[in-house]
Every structure is written in structure tokens, then in C-alpha cells.
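Report on the following structure.
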Amino acid sequence: MSVVILDFGSQYSRLIARRIRELQVYSVVLPGTTSVTRIQNENPQAIIFSGSPKSVFESDAPLPDPAVYDLGLPILGICYGMQLLARQFGGDVADAGTRSYGADELIHYEGDLFDGLVGPLPVWMSHASSVQRLPKDWVTMAATRENPHAAIASPNGRYVGVQFHPEVVHTPNGEHMLSNFLDAAGVSRDWTAEANVERLIREVKERVGTDRALLAVSGGVDSSALALLLAQAGVEHDAVFVDHGLLRAGERKEVEAALRPLGVNLRTVDAADRFFDALAGVTDPEEKRMIIGREFVHVFHNEAQRVGKTRFLAQGTLYPDVIESAGGEGAANIKSHHNVGGLPANLGFELLEPFRTLFKDEVRDVARLLGLPDSVRLRHPFPGPGLAIRILGEVTRERVDLVRRADAIFISTLKEAGAYHLAWQALAVLTPIQSVGVAGDERRYGHVIALRAVTSVDAMTADWARLPYALLDRVAQRITRDIPEIGRVVYDITSKPPATIEWE
Ligand code: XMP
């Protein structure tokens with residue numbers, strides 16, 4: 001059971017999916033023009049049309065498969081989605097001339113969507129066109145001072161449109177409205193962590209059967225949770241932890257100590273030489289990722305040959321990895337996450353990616369139920385390519401050592417101050433810059449380390465963490481004192497977008 005979100009190009013489509021999942025309903029984002037047959041594969045109980053940067057009357061405006069209306073399912077149209085409904089059922093939509101953007105207020109409203117709400121309702125608008133005339137027998141459900149059709153409904157109430165964005169936090173009752181829509185649509189709320197674990201175990205058992213899966217463990221929550229999932233599903237597995245020489249300080253021991261006692265068949269492979277050789281002289285970020293992806297696969301092949309009869313390569317790939325590597329349908333390639341875009345075409349394994357549709361916080365919930373200790377479960381995420389993508393320029397053992405030591409100081413200082421969870425992720429980056437400083441009476445020409453700490457929910461967007469100055473000060477002092485090669489420490493104050501969390 002699910003809610004399908006047809007994405008007509010809105011920046012908010014993923015956010016709609018998140019909101020619906022927070023309401024304990026599985027939701028999936030598909031391109032707006034997806035065929036009805038494909039939509040039906042998702043077994044939807046309701047459909048949401050997203051917004052769009054386009055206007056419905058542009059000649060290249062994206063349109064849904066007309067058969068979507070034959071499914072007999074409730075549809076909620078948001079912004080462009082509402083205008084689409086209005087136009088396809090014979091109403092008029094016109095360009096307002098100016099873009100209406102920002103906070104507004106519903107002064108009149110009625111109907112299921114607004115059940116339980118009282119008083120003027122703040123809503124967030126972002127649109128250039130608006131509905132001028134409703135389709136025959138449709139009704140207005142809400143109005144703002146300027147806009148008489150801020151929400152509309154079809155005669156039988158099956159189709160509902162809202163001009164505002166209920167999915168954004170600037171519409172404070174938006175989640176309540178979405179919840180009302182789900183109730184009115186009779187959608188079952190069965191997307192819970194418990195149900196997820198049960199489903200995942202069942203699916204893994206069915207898919208792997210009596211075959212064997214090789215699992216790439218990185219030490220992060222995703223692959224660790226996956227290792228536990230395979231162990232609890234009782235399938236034959238070999239969890240391979242590749243020490244590529246690009247791990248954080250102490251990481252290897254921590255991971256081994258957390259997973260072995262929980263029934264995971266874990267083997268650590270020393271592969272640092274192979275990774276450093278392959279990365280020698282490489283400075284381009286995408287090239288680094290491709291090389292690392294390739295080397296991982298090489299190690300896995302060796303391991304698979306050693307054990308024999310391996311059919312699957314299991315990975316802790318998440319929904320955002322898929323979306324951002326353009327593995328999702330209709331998304332742009334931002335960077336090739338080593339485990340998605342970085343894999344060679346002739347992999348030689350079937351991929352087993354049970355978390356492919358989950359957001360990170362959902363995996364953390366699953367991991368809790370599977371019994372992963374909080375020390376691993378609540379750890380800051382760490383990318384598969386490791387410290388290599390935190391070194392701008394060439395990756396050498398010396399440079400890895402510098403960034404590893406800086407990272408260890410940053411993280412341990414955060415922990416000592418009880419500030420580790422002020423950040424969703426914190427890291428140090430070795431920049432390719434050297435700068436002049438003074439140490440004692442000597443001139444020092446040292447490396448520049450950038451610290452980055454962000455707040456986020458699912459890594460799709462992030463803001464820089466407002467860490468206390470005193471704390472940043474302590475980190476900078478410790479780094480420059482304990483690592484003489486580093487002469488300067490800077491703090492990254494860019495959000496995502498426009499930046500990404502990692503620097504490469
Ligand atoms: P970005 O830099 O894309 O990072 O904003 C979002 C989150 O993903 C992590 N990340 C990766 N994880 N393989 C991974 O397993 C990768 O290639 C990769 N690249 C980025 C990053 O640490 C952050 O948590």
C-alpha cells in the first residue's frame with residue numbers, strides 16, 4: 001500500500017514523500033509522466049500531484065498519463081498539481097503576471113482537509129498562475145484575501161487541490177491537512193519501523209533463499225543495520241569490512257566490536273595498499289569515486305571467489321543516494337555515490353539493496369529494532385569512499401593521516417563538550433591551500449583544515465551547525481597545537497543547497 005507522488009519538477013517533491021512517511025504511510029516519488037501501469041506497481045491508495053516550475057498552459061507542461069483518472073483513486077493536487085486538475089476538468093487557469101511567493105493566510109475554509117483546524121491558517125504560497133474559473137460543479141474549499149480559490153474539490157470530493165504548499169514547515173498545519181487527506185482517502189497507516197523490519201526480513205529471506213550474499217560493511221549505520229538484517233533473516237552471508245586505509249581513527253576496532261557479538265559473520269580485509277596505489281596522482285573528485293567504487297568491487301570479487309557460491313552483493317544504499325546519483329527516476333546527477341553511480345556495468349553480482357527506498361532516519365529506526373548499539377546507530381554518517389573525498393587534491397598516506405588526526409580532534413572535542421549531537425554530521429576537510437602563519441617566533445607555512453558541521457534530517461538538505469564559538473575555538477587550538485603541519489582552521493558556513501555536505 002502506498003501513496004504515489006507524481007513529480008512534475010517541484011523542488012518539494014521529496015519533502016512531500018517525507019511528510020507522508022512521517023504520517024506512517026509508504027510514499028514513493030515517480031516522474032509526473034509515469035505510465036499508469038508503472039504507477040499501479042506501487043499499489044497506491046492515493047495519488048499526489050506535485051508542484052512544478054512550469055505553468056499548466058505552457059506547451060511543454062508535463063502532464064500525467066490520462067488513464068490516471070480511471071484508477072478511481074483520490075488525488076491531491078498541490079500548486080501546479082491543483083491547476084492541472086482544474087484545467088484537465090475544464091476550468092480556467094491564468095497567469096497572474098507576478099509570482100506570489102511567501103506567507104499568506106486562509107481566512108475561509110471548510111471540508112475534510114481542514115477538519116480539526118480553527119482560526120486563520122498561515123500557508124506558504126509559491127506560484128505565478130492561479131485558477132480563475134472552476135470546472136463545472138467543483139467547489140471552492142478555501143480562500144485567502146487575494147485568492148478566492150486557495151483550495152478546491154471535485155463534486156464527489158475525490159479530487160482536492162490546494163494552491164499553497166502543505167508540505168513545507170512554513171505551513172504549520174500542513175501535516176495536519178495531509179493527514180486529513182490520507183484519512184479521507186482511507187489510506188492505511190502501516191508504514192512503521194516494526195512493520196518495516198518484518199517486511200525487510202521477509203523480503204531478504206525470499207530474495208536470497210538458499211543463496212549467499214556478500215555484504216559491504218562500511219561501519220556506518222546503514223551497512224551495519226544491513227549486516228544485522230541479514231543475520232536476523234538467517235540468510236548465509238559474508239560481511240566484508242574493507243579497511244581501505246581511508247577510515248577514521250579507531251573505526252575498525254569499533255565496528256568489529258559492535259557487529260561480531262550480534263551474529264554477523266564479519267571479516268576485515270586489509271586493502272589499503274591497493275586503494276592508495278589506484279588513487280595515486282588522481283585529483284578529480286568523480287574519478288576518485290569511480291576508482292574507489294571499482295576497487296571495492298575488486299575486493300568483493302576476491303572475497304566471493306574465496307568463499308564460493310556468492311550470488312548477491314548487499315549494500316546499505318539509501319533513497320537519497322539513489323536520487324542523487326540519478327538512479328532515481330528523473331533526477332539530476334549531483335555526485336556519483338560510490339555505491340550507486342560508481343559501480344561498473346559488469347558487476348558480476350546481483351545487487352541486494354533492501355534500504356533503497358528508505359531515508360536515513362528510517363534506517364536508524366530499523367537499526368534500533370534490530371538491536372544495533374547506539375554507539376554505532378547514532379554515529380555521524382561516514383561516506384563509503386572515506387577520507388579520500390575529504391582531501392582536496394591527491395590522496396596520499398600522509399595527507400590521510402593529517403585529515404584523520406584533525407577529524408579525531410574535532411569529534412573528540414565535540415563529544416567531551418556533550419555537543420556531538422548538536423551536529424547531524426561533523427567532519428574535517430584537508431584543503432589544497434597552504435597559508436602563512438607564525439608559531440613561536442618562526443614563520444609557519446601550513447595546511448588549511450576546514451571544519452564542517454551540519455544539521456540535517458536525511459542529508460537531502462542541510463544547514464551549517466551553529467556550534468558555540470568557544471567550542472570551535474578549542475578545536476582550532478587543539479588542531480594547530482597537536483598537528484604542526486596545520487597552520488590554519490576555517491569553519492564552513494554554507495548550507496546544502498547550494499553546497500553539498502562533503503566537499504567532493
Ligand atoms: P553530500 O556530500 O552528497 O552527502 O551532501 C550527503 C551524505 O551522504 C554521504 N556521502 C556518501 N555516502 N558514499 C556514501 O556511502 C558516497 O559516495 C557518499 N558521498 C557522500 C555524506 O557523508 C553525507 O552524509
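Letters A, B, ... mark the chains of the C-alpha cells in the order given; residue numbers begin at 1 per chain; ligand numbers begin at 1, in order shown.
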Would you list the contacts of Leu430 (chain A) as a compact mmCIF listing (two decimals) with C-alpha atoms, in the first residue's frame, taking every protein, DNA or RNA residue within 7 Å and counting only C-alpha atoms, but skipping same-chain residues closer than 5 positions in sequence?
# COMPACT_ATOMS: atom_id res chain seq x y z
CA ARG A 390 37.71 14.92 2.40
CA ILE A 391 41.10 15.51 0.86
CA LEU A 392 41.02 18.01 -1.97
CA VAL A 403 42.86 14.78 7.97
CA VAL A 448 44.45 24.74 5.92
CA ILE A 449 41.86 22.47 7.52
CA ALA A 450 38.18 23.25 7.03
Q. Got a sec: who's within 10 Å of Ile411 (chain A), counting only C-alpha atoms, leaving out chain neighbours fewer than 2 positions off, as a list in words?
A. His380, Arg405, Ala406, Asp407, Ala408, Ile409, Thr413, Leu414, Lys415, Glu416, Ala417, Ala419, Tyr420, Gln425, Ala426, Leu427, Ala428 and Val475 of chain A
Could you turn the residues from that selection into a file that holds N, CA, C and O atoms, as a JSON list (two decimals), in the first residue's frame?
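Dumped to out23.json:
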[["chain", "number", "residue", "atom", "x", "y", "z"],
["A", 380, "HIS", "N", 27.67, 9.79, 13.57],
["A", 380, "HIS", "CA", 27.56, 10.62, 12.37],
["A", 380, "HIS", "C", 27.79, 9.75, 11.13],
["A", 380, "HIS", "O", 28.65, 8.86, 11.16],
["A", 405, "ARG", "N", 43.75, 12.85, 11.78],
["A", 405, "ARG", "CA", 44.06, 13.39, 13.12],
["A", 405, "ARG", "C", 43.20, 14.61, 13.42],
["A", 405, "ARG", "O", 42.69, 14.79, 14.52],
["A", 406, "ALA", "N", 43.00, 15.45, 12.40],
["A", 406, "ALA", "CA", 42.17, 16.64, 12.61],
["A", 406, "ALA", "C", 40.73, 16.22, 12.92],
["A", 406, "ALA", "O", 40.08, 16.76, 13.83],
["A", 407, "ASP", "N", 40.24, 15.24, 12.18],
["A", 407, "ASP", "CA", 38.88, 14.73, 12.40],
["A", 407, "ASP", "C", 38.74, 14.20, 13.82],
["A", 407, "ASP", "O", 37.77, 14.49, 14.52],
["A", 408, "ALA", "N", 39.74, 13.42, 14.26],
["A", 408, "ALA", "CA", 39.67, 12.82, 15.59],
["A", 408, "ALA", "C", 39.62, 13.90, 16.67],
["A", 408, "ALA", "O", 38.87, 13.79, 17.65],
["A", 409, "ILE", "N", 40.39, 14.96, 16.48],
["A", 409, "ILE", "CA", 40.38, 16.05, 17.47],
["A", 409, "ILE", "C", 39.01, 16.74, 17.48],
["A", 409, "ILE", "O", 38.42, 16.99, 18.52],
["A", 413, "THR", "N", 36.55, 16.46, 20.69],
["A", 413, "THR", "CA", 36.24, 17.71, 21.40],
["A", 413, "THR", "C", 34.72, 17.91, 21.46],
["A", 413, "THR", "O", 34.17, 18.32, 22.50],
["A", 414, "LEU", "N", 34.04, 17.59, 20.38],
["A", 414, "LEU", "CA", 32.58, 17.68, 20.39],
["A", 414, "LEU", "C", 32.00, 16.76, 21.46],
["A", 414, "LEU", "O", 31.10, 17.14, 22.22],
["A", 415, "LYS", "N", 32.54, 15.53, 21.52],
["A", 415, "LYS", "CA", 32.00, 14.56, 22.49],
["A", 415, "LYS", "C", 32.26, 15.02, 23.91],
["A", 415, "LYS", "O", 31.35, 14.98, 24.75],
["A", 416, "GLU", "N", 33.47, 15.47, 24.16],
["A", 416, "GLU", "CA", 33.79, 15.93, 25.53],
["A", 416, "GLU", "C", 32.86, 17.05, 25.97],
["A", 416, "GLU", "O", 32.49, 17.14, 27.13],
["A", 417, "ALA", "N", 32.49, 17.90, 25.02],
["A", 417, "ALA", "CA", 31.63, 19.05, 25.36],
["A", 417, "ALA", "C", 30.15, 18.65, 25.36],
["A", 417, "ALA", "O", 29.29, 19.51, 25.57],
["A", 419, "ALA", "N", 28.53, 17.90, 22.82],
["A", 419, "ALA", "CA", 27.95, 18.62, 21.68],
["A", 419, "ALA", "C", 27.90, 17.77, 20.41],
["A", 419, "ALA", "O", 27.56, 18.27, 19.34],
["A", 420, "TYR", "N", 28.23, 16.48, 20.55],
["A", 420, "TYR", "CA", 28.30, 15.62, 19.36],
["A", 420, "TYR", "C", 26.97, 15.63, 18.59],
["A", 420, "TYR", "O", 26.95, 15.72, 17.37],
["A", 425, "GLN", "N", 26.15, 15.71, 11.32],
["A", 425, "GLN", "CA", 27.42, 15.17, 10.81],
["A", 425, "GLN", "C", 28.48, 16.25, 11.00],
["A", 425, "GLN", "O", 28.20, 17.44, 10.82],
["A", 426, "ALA", "N", 29.66, 15.83, 11.40],
["A", 426, "ALA", "CA", 30.76, 16.79, 11.56],
["A", 426, "ALA", "C", 32.00, 16.16, 10.95],
["A", 426, "ALA", "O", 32.20, 14.94, 11.04],
["A", 427, "LEU", "N", 32.81, 16.96, 10.33],
["A", 427, "LEU", "CA", 33.96, 16.42, 9.63],
["A", 427, "LEU", "C", 35.03, 17.47, 9.42],
["A", 427, "LEU", "O", 34.78, 18.66, 9.53],
["A", 428, "ALA", "N", 36.22, 16.99, 9.09],
["A", 428, "ALA", "CA", 37.32, 17.89, 8.76],
["A", 428, "ALA", "C", 37.72, 17.63, 7.31],
["A", 428, "ALA", "O", 37.69, 16.49, 6.85],
["A", 475, "VAL", "N", 38.66, 23.58, 19.36],
["A", 475, "VAL", "CA", 39.04, 22.64, 18.30],
["A", 475, "VAL", "C", 40.21, 23.23, 17.49],
["A", 475, "VAL", "O", 41.21, 22.55, 17.22]]
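What separates CA of Gly393 (chain A) from CA of Asp277 (chain A) is a distance of 15.1 Å.
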Q: Please give me, as a ChimeraX atom specification, the residues lying within 10 Å of ligand 1 when counting only C-alpha atoms and all ligand atoms.
A: /A:218,220,222-223,286,288-290,292-293,315-318,320-321,324-325,334-342,360,380-387,389-390,424-427,454,456,458-462,495-504
Q: Apply DSSP to the structure's backbone, then extract all residues of region 45-225 of chain A labelled alpha helix (DSSP H) and return them as a VMD selection string.
A: chain A and resid 80 to 88 174 to 184 193 to 208 221 to 225
Selection: 10 Å around Ile16 (chain A), only C-alpha atoms, excl. self and same-chain fewer than 5 positions, as a compact mmCIF listing (two decimals) with N, CA and C atoms, in the first residue's frame:
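Below is the file around.txt, written as the result:
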# COMPACT_ATOMS: atom_id res chain seq x y z
N ILE A 5 3.56 9.87 -5.40
CA ILE A 5 3.69 11.30 -5.64
C ILE A 5 4.18 11.48 -7.06
N ASP A 7 5.82 13.60 -9.62
CA ASP A 7 6.69 14.75 -9.52
C ASP A 7 6.75 15.50 -10.86
N GLN A 11 10.74 21.36 -6.46
CA GLN A 11 11.84 21.16 -5.51
C GLN A 11 11.31 20.50 -4.23
N ARG A 21 5.45 9.86 4.77
CA ARG A 21 6.02 8.75 5.54
C ARG A 21 5.98 9.04 7.04
N GLU A 22 6.16 10.31 7.39
CA GLU A 22 6.04 10.66 8.81
C GLU A 22 4.64 10.35 9.33
N SER A 27 5.41 6.15 0.86
CA SER A 27 5.19 7.00 -0.30
C SER A 27 6.38 6.90 -1.22
N VAL A 28 6.12 7.07 -2.50
CA VAL A 28 7.19 6.95 -3.48
C VAL A 28 7.02 8.06 -4.51
N VAL A 29 8.16 8.62 -4.93
CA VAL A 29 8.12 9.71 -5.91
C VAL A 29 8.39 9.14 -7.30
N ILE A 48 -0.67 11.96 -5.26
CA ILE A 48 -0.47 13.40 -5.06
C ILE A 48 0.24 13.95 -6.30
N PHE A 49 -0.30 15.03 -6.84
CA PHE A 49 0.39 15.73 -7.93
C PHE A 49 1.23 16.83 -7.29
N SER A 50 2.51 16.88 -7.61
CA SER A 50 3.38 17.89 -7.01
C SER A 50 3.22 19.23 -7.72
N ILE A 78 -1.16 19.70 -5.61
CA ILE A 78 -0.55 20.80 -4.87
C ILE A 78 -0.02 21.82 -5.88
N HIS A 165 1.44 25.27 -0.25
CA HIS A 165 2.28 24.07 -0.06
C HIS A 165 2.14 23.52 1.35
N PRO A 166 1.33 22.48 1.54
CA PRO A 166 1.16 21.94 2.89
C PRO A 166 2.41 21.20 3.38
N GLU A 167 3.32 20.85 2.46
CA GLU A 167 4.48 20.02 2.83
C GLU A 167 5.61 20.82 3.48
N VAL A 168 5.59 22.15 3.38
CA VAL A 168 6.72 22.91 3.93
C VAL A 168 6.43 23.37 5.36
N GLU A 175 0.95 19.43 7.88
CA GLU A 175 0.98 17.99 8.13
C GLU A 175 -0.42 17.51 8.55
N LEU A 178 -2.43 17.17 5.45
CA LEU A 178 -2.06 15.96 4.70
C LEU A 178 -2.64 14.73 5.39
Q.
Just want the 8 Å neighbourhood of Leu134 (chain A), counted on only C-alpha atoms, with same-chain residues fewer than 4 positions away dropped. Output as a ChimeraX atom specification.
A. /A:86,90-92,138-139
(Q) For the structure I just gave you, how does DSSP split region 95-195 of chain A - specifically, which residues are strand (DSSP E)? Reply as a VMD selection string. (A) chain A and resid 95 to 106 108 to 109 121 to 133 139 to 143 151 to 153 159 to 162
Q.
I want to know what sits within 10 Å of Gly9 (chain A), based on only C-alpha atoms, with residues of the same chain fewer than 5 positions away left out; could you give that as a PyMOL selection string?
A. chain A and resi 31-32+50-54+62+80+330-331
Write the selection just made, keeping C-alpha atoms, as a compact mmCIF listing (two decimals), in the first residue's frame?
# COMPACT_ATOMS: atom_id res chain seq x y z
CA PRO A 31 8.11 11.30 -12.60
CA GLY A 32 4.88 13.13 -13.41
CA SER A 50 3.38 17.89 -7.01
CA GLY A 51 4.08 21.49 -7.92
CA SER A 52 6.23 22.44 -10.89
CA PRO A 53 8.39 25.29 -12.17
CA LYS A 54 6.22 25.15 -15.33
CA PRO A 62 4.37 17.92 -18.05
CA TYR A 80 0.71 23.20 -10.24
CA GLY A 330 14.07 11.69 -13.43
CA ALA A 331 16.66 13.14 -11.06
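The environment of Ala233 (chain A) within 9 Å, counting only C-alpha atoms and disregarding residues fewer than 4 places along the same chain, consists of Leu200, Ile201, Arg202, Val204, Lys205, Leu228 and Leu229 of chain A.
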